[in-house]
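Contents: one structure, followed by commentary.
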Amino acid sequence: MSCAGLMTAGLVLHGCGTAMPIIKATAKDEKIGIPLSSFAEGKTMLVVRTAQLENDILIIKKEDNYHAIYLQCTHEGVGLTPTSQKIVCTAHGSVFDFDGNVLKEPALKPLKKFKTSVIDNNLIISLT
Ligand code: FES
């Protein structure tokens, strides 16, 4: 399968609220495609923003694996802010690790994760 049709915008922005690179993308057939070259120069984390989701997705590269964590707090659904050490909710102070586990309440449930795969030098994030 070619993923060329999935690619939309590869624009890298430095967004507000986070110092991480942000890639804007459009989902097609419930999937988002990001070029693996986005992780060039030793990058291990970036944020994907799409109009199809209320909040962003944090992509974490661990060796050759990619983890996609939905940046929506499991307490009351507020958007989360990733830092270099953890993921924080500014609403009521919940803190999560990079596996999505709760480090600090009031949130009780881990963060949602999306399945990822690599096809033709693209990282594919499945939103279903
Ligand atoms: S919405 Fe995140 S801690 Fe309440």
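If you're wondering about the labels, chains in the structure tokens are A, B, ... by order shown, residues count from 1 in each chain, ligands from 1 in order shown.
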
Per-residue nearest contacts chain A to ligand 1, cut-off 7 Å, using only C-alpha atoms and all ligand atoms, as JSON lines:
```
{"residue": "A:Cys73", "atom": "CA", "partner": "ligand 1", "partner_atom_place_in_ligand_line": "2 (Fe)", "distance": 4.6}
{"residue": "A:Thr74", "atom": "CA", "partner": "ligand 1", "partner_atom_place_in_ligand_line": "2 (Fe)", "distance": 6.6}
{"residue": "A:His75", "atom": "CA", "partner": "ligand 1", "partner_atom_place_in_ligand_line": "1 (S)", "distance": 4.6}
{"residue": "A:Glu76", "atom": "CA", "partner": "ligand 1", "partner_atom_place_in_ligand_line": "1 (S)", "distance": 3.9}
{"residue": "A:Gly77", "atom": "CA", "partner": "ligand 1", "partner_atom_place_in_ligand_line": "1 (S)", "distance": 5.3}
{"residue": "A:Val78", "atom": "CA", "partner": "ligand 1", "partner_atom_place_in_ligand_line": "1 (S)", "distance": 4.6}
{"residue": "A:Cys89", "atom": "CA", "partner": "ligand 1", "partner_atom_place_in_ligand_line": "2 (Fe)", "distance": 4.7}
{"residue": "A:Thr90", "atom": "CA", "partner": "ligand 1", "partner_atom_place_in_ligand_line": "2 (Fe)", "distance": 6.7}
{"residue": "A:Ala91", "atom": "CA", "partner": "ligand 1", "partner_atom_place_in_ligand_line": "4 (Fe)", "distance": 5.2}
{"residue": "A:His92", "atom": "CA", "partner": "ligand 1", "partner_atom_place_in_ligand_line": "3 (S)", "distance": 3.9}
{"residue": "A:Gly93", "atom": "CA", "partner": "ligand 1", "partner_atom_place_in_ligand_line": "3 (S)", "distance": 5.0}
{"residue": "A:Ser94", "atom": "CA", "partner": "ligand 1", "partner_atom_place_in_ligand_line": "3 (S)", "distance": 4.3}
{"residue": "A:Glu105", "atom": "CA", "partner": "ligand 1", "partner_atom_place_in_ligand_line": "3 (S)", "distance": 7.0}
{"residue": "A:Pro106", "atom": "CA", "partner": "ligand 1", "partner_atom_place_in_ligand_line": "3 (S)", "distance": 5.5}
{"residue": "A:Ala107", "atom": "CA", "partner": "ligand 1", "partner_atom_place_in_ligand_line": "3 (S)", "distance": 5.6}
```

Kindly save the residues from that selection, with all heavy atoms included, as a CSV table (one decimal), in the first residue's frame.
```csv
chain,number,residue,atom,x,y,z
A,73,CYS,N,-6.9,14.8,28.6
A,73,CYS,CA,-6.9,14.3,30.0
A,73,CYS,C,-8.1,13.4,30.3
A,73,CYS,O,-9.2,13.6,29.8
A,73,CYS,CB,-6.9,15.5,31.0
A,73,CYS,SG,-6.7,15.1,32.7
A,74,THR,N,-7.8,12.3,31.0
A,74,THR,CA,-8.9,11.3,31.3
A,74,THR,C,-9.7,11.8,32.5
A,74,THR,O,-10.6,11.0,32.9
A,74,THR,CB,-8.3,9.9,31.5
A,74,THR,OG1,-7.2,10.0,32.5
A,74,THR,CG2,-7.7,9.4,30.3
A,75,HIS,N,-9.4,12.9,33.1
A,75,HIS,CA,-10.2,13.4,34.2
A,75,HIS,C,-11.4,14.1,33.7
A,75,HIS,O,-12.5,13.6,33.8
A,75,HIS,CB,-9.3,14.4,35.1
A,75,HIS,CG,-10.1,15.0,36.2
A,75,HIS,ND1,-10.1,16.3,36.5
A,75,HIS,CD2,-10.9,14.4,37.1
A,75,HIS,CE1,-10.9,16.5,37.6
A,75,HIS,NE2,-11.4,15.4,38.0
A,76,GLU,N,-11.2,15.2,33.0
A,76,GLU,CA,-12.4,15.9,32.4
A,76,GLU,C,-12.2,16.3,31.0
A,76,GLU,O,-12.9,17.3,30.5
A,76,GLU,CB,-12.8,17.1,33.3
A,76,GLU,CG,-13.3,16.7,34.7
A,76,GLU,CD,-13.8,17.9,35.5
A,76,GLU,OE1,-13.6,19.1,35.1
A,76,GLU,OE2,-14.3,17.6,36.6
A,77,GLY,N,-11.3,15.7,30.3
A,77,GLY,CA,-11.2,15.9,28.9
A,77,GLY,C,-10.4,17.1,28.4
A,77,GLY,O,-10.5,17.5,27.2
A,78,VAL,N,-9.7,17.8,29.3
A,78,VAL,CA,-8.9,19.0,28.9
A,78,VAL,C,-7.7,18.5,28.1
A,78,VAL,O,-7.1,17.5,28.3
A,78,VAL,CB,-8.6,19.8,30.1
A,78,VAL,CG1,-7.6,20.9,29.8
A,78,VAL,CG2,-9.8,20.3,30.8
A,89,CYS,N,-1.5,18.2,32.9
A,89,CYS,CA,-2.8,18.9,32.7
A,89,CYS,C,-2.8,20.1,33.6
A,89,CYS,O,-2.7,20.1,34.8
A,89,CYS,CB,-3.9,17.9,33.1
A,89,CYS,SG,-5.5,18.7,32.8
A,90,THR,N,-3.0,21.3,32.9
A,90,THR,CA,-3.0,22.5,33.7
A,90,THR,C,-4.4,22.8,34.3
A,90,THR,O,-4.5,23.7,35.1
A,90,THR,CB,-2.6,23.7,32.7
A,90,THR,OG1,-3.6,23.7,31.6
A,90,THR,CG2,-1.2,23.6,32.2
A,91,ALA,N,-5.4,22.0,34.0
A,91,ALA,CA,-6.7,22.3,34.6
A,91,ALA,C,-6.7,22.0,36.1
A,91,ALA,O,-7.1,22.8,36.9
A,91,ALA,CB,-7.8,21.5,33.9
A,92,HIS,N,-6.4,20.7,36.5
A,92,HIS,CA,-6.5,20.3,37.9
A,92,HIS,C,-5.2,19.6,38.3
A,92,HIS,O,-5.2,19.0,39.4
A,92,HIS,CB,-7.7,19.4,38.1
A,92,HIS,CG,-8.9,20.0,37.5
A,92,HIS,ND1,-9.5,19.4,36.4
A,92,HIS,CD2,-9.7,21.0,37.8
A,92,HIS,CE1,-10.6,20.1,36.1
A,92,HIS,NE2,-10.7,21.1,36.9
A,93,GLY,N,-4.2,19.6,37.5
A,93,GLY,CA,-2.9,19.1,38.0
A,93,GLY,C,-2.5,17.7,37.8
A,93,GLY,O,-1.5,17.2,38.3
A,94,SER,N,-3.3,16.9,37.0
A,94,SER,CA,-2.9,15.6,36.7
A,94,SER,C,-1.6,15.5,36.0
A,94,SER,O,-1.3,16.4,35.2
A,94,SER,CB,-4.0,14.8,35.9
A,94,SER,OG,-5.1,14.6,36.7
A,105,GLU,N,-2.9,12.2,40.4
A,105,GLU,CA,-4.3,12.4,40.3
A,105,GLU,C,-4.7,13.9,40.3
A,105,GLU,O,-3.8,14.7,40.6
A,105,GLU,CB,-5.0,11.7,41.4
A,105,GLU,CG,-4.8,10.2,41.4
A,105,GLU,CD,-5.5,9.4,42.5
A,105,GLU,OE1,-6.3,10.1,43.3
A,105,GLU,OE2,-5.2,8.2,42.7
A,106,PRO,N,-5.9,14.3,39.9
A,106,PRO,CA,-7.1,13.5,40.0
A,106,PRO,C,-7.4,12.5,38.9
A,106,PRO,O,-8.3,11.7,39.1
A,106,PRO,CB,-8.2,14.6,40.1
A,106,PRO,CG,-7.6,15.8,39.3
A,106,PRO,CD,-6.1,15.7,39.6
A,107,ALA,N,-6.8,12.6,37.8
A,107,ALA,CA,-7.1,11.6,36.7
A,107,ALA,C,-6.8,10.2,37.3
A,107,ALA,O,-5.8,10.0,38.0
A,107,ALA,CB,-6.2,11.9,35.5
```

Open item on the list: Write out as JSON, numbers by chain the set of residues from region 24-86 of chain A that DSSP, computed on the backbone, places in helix (DSSP H, G or I).
Closed with: {"A": [36, 37, 38, 39]}

Please produce an output containing C-alpha atoms for each residue in the selection, written as an mmCIF file, in the first residue's frame.
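What follows is the written file out-v1.cif:
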```cif
data_model
loop_
_atom_site.group_PDB
_atom_site.id
_atom_site.type_symbol
_atom_site.label_atom_id
_atom_site.label_comp_id
_atom_site.auth_asym_id
_atom_site.auth_seq_id
_atom_site.Cartn_x
_atom_site.Cartn_y
_atom_site.Cartn_z
ATOM 1 C CA LEU A 36 9.589 9.397 9.203
ATOM 2 C CA SER A 37 11.944 12.182 8.158
ATOM 3 C CA SER A 38 10.062 14.294 10.723
ATOM 4 C CA PHE A 39 12.206 12.501 13.291
#
```

Open item on the list: Considering only strand (DSSP E or B) as DSSP defines it on the backbone, what residues of region 40-109 of chain A qualify? List them as a VMD selection string.
Closed with: chain A and resid 45 to 49 57 to 62 65 to 70 72 79 81 to 82 87 to 88 95 to 96 102 to 104

Output for the residues just chosen: N, CA, C and O atoms as an mmCIF file, in the first residue's frame:
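Result went into again_38.cif, see below:
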```
data_model
loop_
_atom_site.group_PDB
_atom_site.id
_atom_site.type_symbol
_atom_site.label_atom_id
_atom_site.label_comp_id
_atom_site.auth_asym_id
_atom_site.auth_seq_id
_atom_site.Cartn_x
_atom_site.Cartn_y
_atom_site.Cartn_z
ATOM 1 N N MET A 45 10.456 13.141 19.952
ATOM 2 C CA MET A 45 9.061 13.465 20.253
ATOM 3 C C MET A 45 8.575 14.587 19.341
ATOM 4 O O MET A 45 9.331 15.524 19.045
ATOM 5 N N LEU A 46 7.355 14.481 18.930
ATOM 6 C CA LEU A 46 6.696 15.581 18.228
ATOM 7 C C LEU A 46 5.193 15.469 18.427
ATOM 8 O O LEU A 46 4.693 14.444 18.860
ATOM 9 N N VAL A 47 4.519 16.555 18.102
ATOM 10 C CA VAL A 47 3.069 16.631 18.297
ATOM 11 C C VAL A 47 2.397 16.680 16.929
ATOM 12 O O VAL A 47 2.864 17.396 16.033
ATOM 13 N N VAL A 48 1.350 15.889 16.778
ATOM 14 C CA VAL A 48 0.563 15.886 15.541
ATOM 15 C C VAL A 48 -0.785 16.526 15.832
ATOM 16 O O VAL A 48 -1.452 16.168 16.804
ATOM 17 N N ARG A 49 -1.144 17.483 14.996
ATOM 18 C CA ARG A 49 -2.417 18.208 15.158
ATOM 19 C C ARG A 49 -3.281 17.980 13.932
ATOM 20 O O ARG A 49 -2.826 18.150 12.801
ATOM 21 N N ILE A 57 -1.974 14.751 19.274
ATOM 22 C CA ILE A 57 -1.387 13.433 19.545
ATOM 23 C C ILE A 57 0.107 13.629 19.764
ATOM 24 O O ILE A 57 0.770 14.317 18.979
ATOM 25 N N LEU A 58 0.633 13.028 20.814
ATOM 26 C CA LEU A 58 2.071 13.060 21.054
ATOM 27 C C LEU A 58 2.677 11.780 20.490
ATOM 28 O O LEU A 58 2.239 10.674 20.832
ATOM 29 N N ILE A 59 3.664 11.936 19.615
ATOM 30 C CA ILE A 59 4.374 10.780 19.064
ATOM 31 C C ILE A 59 5.722 10.679 19.758
ATOM 32 O O ILE A 59 6.482 11.656 19.797
ATOM 33 N N ILE A 60 5.999 9.517 20.289
ATOM 34 C CA ILE A 60 7.268 9.276 20.968
ATOM 35 C C ILE A 60 7.992 8.151 20.248
ATOM 36 O O ILE A 60 7.426 7.068 20.042
ATOM 37 N N LYS A 61 9.216 8.427 19.862
ATOM 38 C CA LYS A 61 10.034 7.398 19.213
ATOM 39 C C LYS A 61 10.925 6.754 20.262
ATOM 40 O O LYS A 61 11.680 7.436 20.949
ATOM 41 N N LYS A 62 10.788 5.425 20.400
ATOM 42 C CA LYS A 62 11.660 4.667 21.303
ATOM 43 C C LYS A 62 12.339 3.612 20.465
ATOM 44 O O LYS A 62 11.702 2.659 20.021
ATOM 45 N N ASN A 65 10.509 1.957 17.527
ATOM 46 C CA ASN A 65 9.067 1.902 17.761
ATOM 47 C C ASN A 65 8.514 3.307 17.979
ATOM 48 O O ASN A 65 9.189 4.174 18.523
ATOM 49 N N TYR A 66 7.269 3.489 17.549
ATOM 50 C CA TYR A 66 6.615 4.785 17.685
ATOM 51 C C TYR A 66 5.341 4.607 18.505
ATOM 52 O O TYR A 66 4.539 3.731 18.223
ATOM 53 N N HIS A 67 5.185 5.458 19.504
ATOM 54 C CA HIS A 67 4.003 5.410 20.364
ATOM 55 C C HIS A 67 3.207 6.694 20.162
ATOM 56 O O HIS A 67 3.772 7.791 20.142
ATOM 57 N N ALA A 68 1.898 6.543 20.011
ATOM 58 C CA ALA A 68 1.024 7.689 19.773
ATOM 59 C C ALA A 68 0.056 7.819 20.944
ATOM 60 O O ALA A 68 -0.786 6.950 21.167
ATOM 61 N N ILE A 69 0.199 8.883 21.701
ATOM 62 C CA ILE A 69 -0.615 9.100 22.902
ATOM 63 C C ILE A 69 -1.527 10.295 22.680
ATOM 64 O O ILE A 69 -1.073 11.372 22.265
ATOM 65 N N TYR A 70 -2.812 10.100 22.944
ATOM 66 C CA TYR A 70 -3.779 11.180 22.770
ATOM 67 C C TYR A 70 -3.664 12.144 23.943
ATOM 68 O O TYR A 70 -3.783 11.740 25.107
ATOM 69 N N GLN A 72 -5.368 14.120 25.668
ATOM 70 C CA GLN A 72 -6.639 14.533 26.275
ATOM 71 C C GLN A 72 -6.718 13.913 27.671
ATOM 72 O O GLN A 72 -6.647 12.687 27.818
ATOM 73 N N GLY A 79 -7.252 19.384 27.142
ATOM 74 C CA GLY A 79 -6.038 19.127 26.378
ATOM 75 C C GLY A 79 -4.807 19.184 27.266
ATOM 76 O O GLY A 79 -4.716 20.023 28.168
ATOM 77 N N THR A 81 -0.473 19.132 28.047
ATOM 78 C CA THR A 81 0.761 19.759 27.586
ATOM 79 C C THR A 81 1.937 18.823 27.841
ATOM 80 O O THR A 81 2.211 18.495 28.995
ATOM 81 N N PRO A 82 2.622 18.391 26.776
ATOM 82 C CA PRO A 82 3.809 17.564 26.999
ATOM 83 C C PRO A 82 5.027 18.434 27.288
ATOM 84 O O PRO A 82 5.207 19.488 26.672
ATOM 85 N N ILE A 87 3.803 14.533 30.921
ATOM 86 C CA ILE A 87 2.641 15.148 30.282
ATOM 87 C C ILE A 87 1.776 15.719 31.406
ATOM 88 O O ILE A 87 1.423 14.995 32.339
ATOM 89 N N VAL A 88 1.457 16.996 31.300
ATOM 90 C CA VAL A 88 0.766 17.646 32.419
ATOM 91 C C VAL A 88 -0.580 18.220 31.972
ATOM 92 O O VAL A 88 -0.764 18.607 30.818
ATOM 93 N N VAL A 95 -0.817 14.459 36.187
ATOM 94 C CA VAL A 95 0.450 14.274 35.493
ATOM 95 C C VAL A 95 0.507 12.832 34.987
ATOM 96 O O VAL A 95 0.083 11.902 35.684
ATOM 97 N N PHE A 96 1.031 12.667 33.758
ATOM 98 C CA PHE A 96 1.125 11.343 33.135
ATOM 99 C C PHE A 96 2.555 11.130 32.659
ATOM 100 O O PHE A 96 3.268 12.083 32.321
ATOM 101 N N VAL A 102 -0.942 7.295 34.793
ATOM 102 C CA VAL A 102 -1.152 8.404 35.729
ATOM 103 C C VAL A 102 -0.021 8.436 36.750
ATOM 104 O O VAL A 102 0.273 7.439 37.410
ATOM 105 N N LEU A 103 0.626 9.594 36.881
ATOM 106 C CA LEU A 103 1.630 9.795 37.926
ATOM 107 C C LEU A 103 1.043 10.592 39.080
ATOM 108 O O LEU A 103 1.503 10.501 40.209
ATOM 109 N N LYS A 104 0.049 11.415 38.740
ATOM 110 C CA LYS A 104 -0.556 12.253 39.776
ATOM 111 C C LYS A 104 -2.031 12.443 39.458
ATOM 112 O O LYS A 104 -2.398 12.756 38.323
#
```

Task: Between CA of Phe114 (chain A) and CA of Glu41 (chain A), distance in Å (one decimal) - done: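 Calculated distance between CA of Phe114 (chain A) and CA of Glu41 (chain A) is 24.5 Å.
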
- [ ] Give me, please, the distance in Å between CA of Ile119 (chain A) and CA of Asp64 (chain A), quoted to one decimal.
- [x]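 Taking CA of Ile119 (chain A) and CA of Asp64 (chain A), their separation equals 13.0 Å.
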
- [ ] Rounded to one decimal place, report the CA of Ile124 (chain A)-CA of Gly100 (chain A) distance in Å.
- [x] 19.4 Å

Task: Non-local contacts of Asp29 (chain A) (9 Å; only C-alpha atoms; under 2 positions in same chain excluded) as a PyMOL selection string - done: chain A and resi 6+27+31-32+126-127

Those same residues, written as a PDB file, in the first residue's frame with N, CA, C and O atoms?
```pdb
ATOM      1  N   LEU A   6      -2.132   9.623   1.824  1.00  0.00           N
ATOM      2  CA  LEU A   6      -2.434  10.020   3.195  1.00  0.00           C
ATOM      3  C   LEU A   6      -1.765  11.317   3.576  1.00  0.00           C
ATOM      4  O   LEU A   6      -2.172  11.994   4.495  1.00  0.00           O
ATOM      5  N   ALA A  27      -6.463  13.718   8.518  1.00  0.00           N
ATOM      6  CA  ALA A  27      -6.735  12.289   8.521  1.00  0.00           C
ATOM      7  C   ALA A  27      -7.532  11.907   7.280  1.00  0.00           C
ATOM      8  O   ALA A  27      -8.370  12.677   6.805  1.00  0.00           O
ATOM      9  N   LYS A  31      -6.977   7.560   9.244  1.00  0.00           N
ATOM     10  CA  LYS A  31      -5.540   7.379   9.405  1.00  0.00           C
ATOM     11  C   LYS A  31      -4.815   8.680   9.113  1.00  0.00           C
ATOM     12  O   LYS A  31      -5.243   9.472   8.269  1.00  0.00           O
ATOM     13  N   ILE A  32      -3.705   8.873   9.813  1.00  0.00           N
ATOM     14  CA  ILE A  32      -2.834  10.018   9.563  1.00  0.00           C
ATOM     15  C   ILE A  32      -1.463   9.477   9.178  1.00  0.00           C
ATOM     16  O   ILE A  32      -0.953   8.557   9.831  1.00  0.00           O
ATOM     17  N   SER A 126      -3.365   5.130  13.359  1.00  0.00           N
ATOM     18  CA  SER A 126      -4.763   4.714  13.159  1.00  0.00           C
ATOM     19  C   SER A 126      -5.619   5.323  14.253  1.00  0.00           C
ATOM     20  O   SER A 126      -5.385   5.086  15.437  1.00  0.00           O
ATOM     21  N   LEU A 127      -6.598   6.081  13.859  1.00  0.00           N
ATOM     22  CA  LEU A 127      -7.432   6.797  14.829  1.00  0.00           C
ATOM     23  C   LEU A 127      -8.589   5.943  15.342  1.00  0.00           C
ATOM     24  O   LEU A 127      -9.304   6.357  16.248  1.00  0.00           O
TER      25      LEU A 127
END
```

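In this comparison, which uses only C-alpha atoms, the residue of A:Ala25, A:Val118, A:Met20, A:Ile125 approaching Ala51 (chain A) most closely is A:Ala25.
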
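The closest residue to Lys28 (chain A), picked from A:Leu71, A:Lys112, A:Thr128, A:Gln85 and counting only C-alpha atoms, is A:Thr128.
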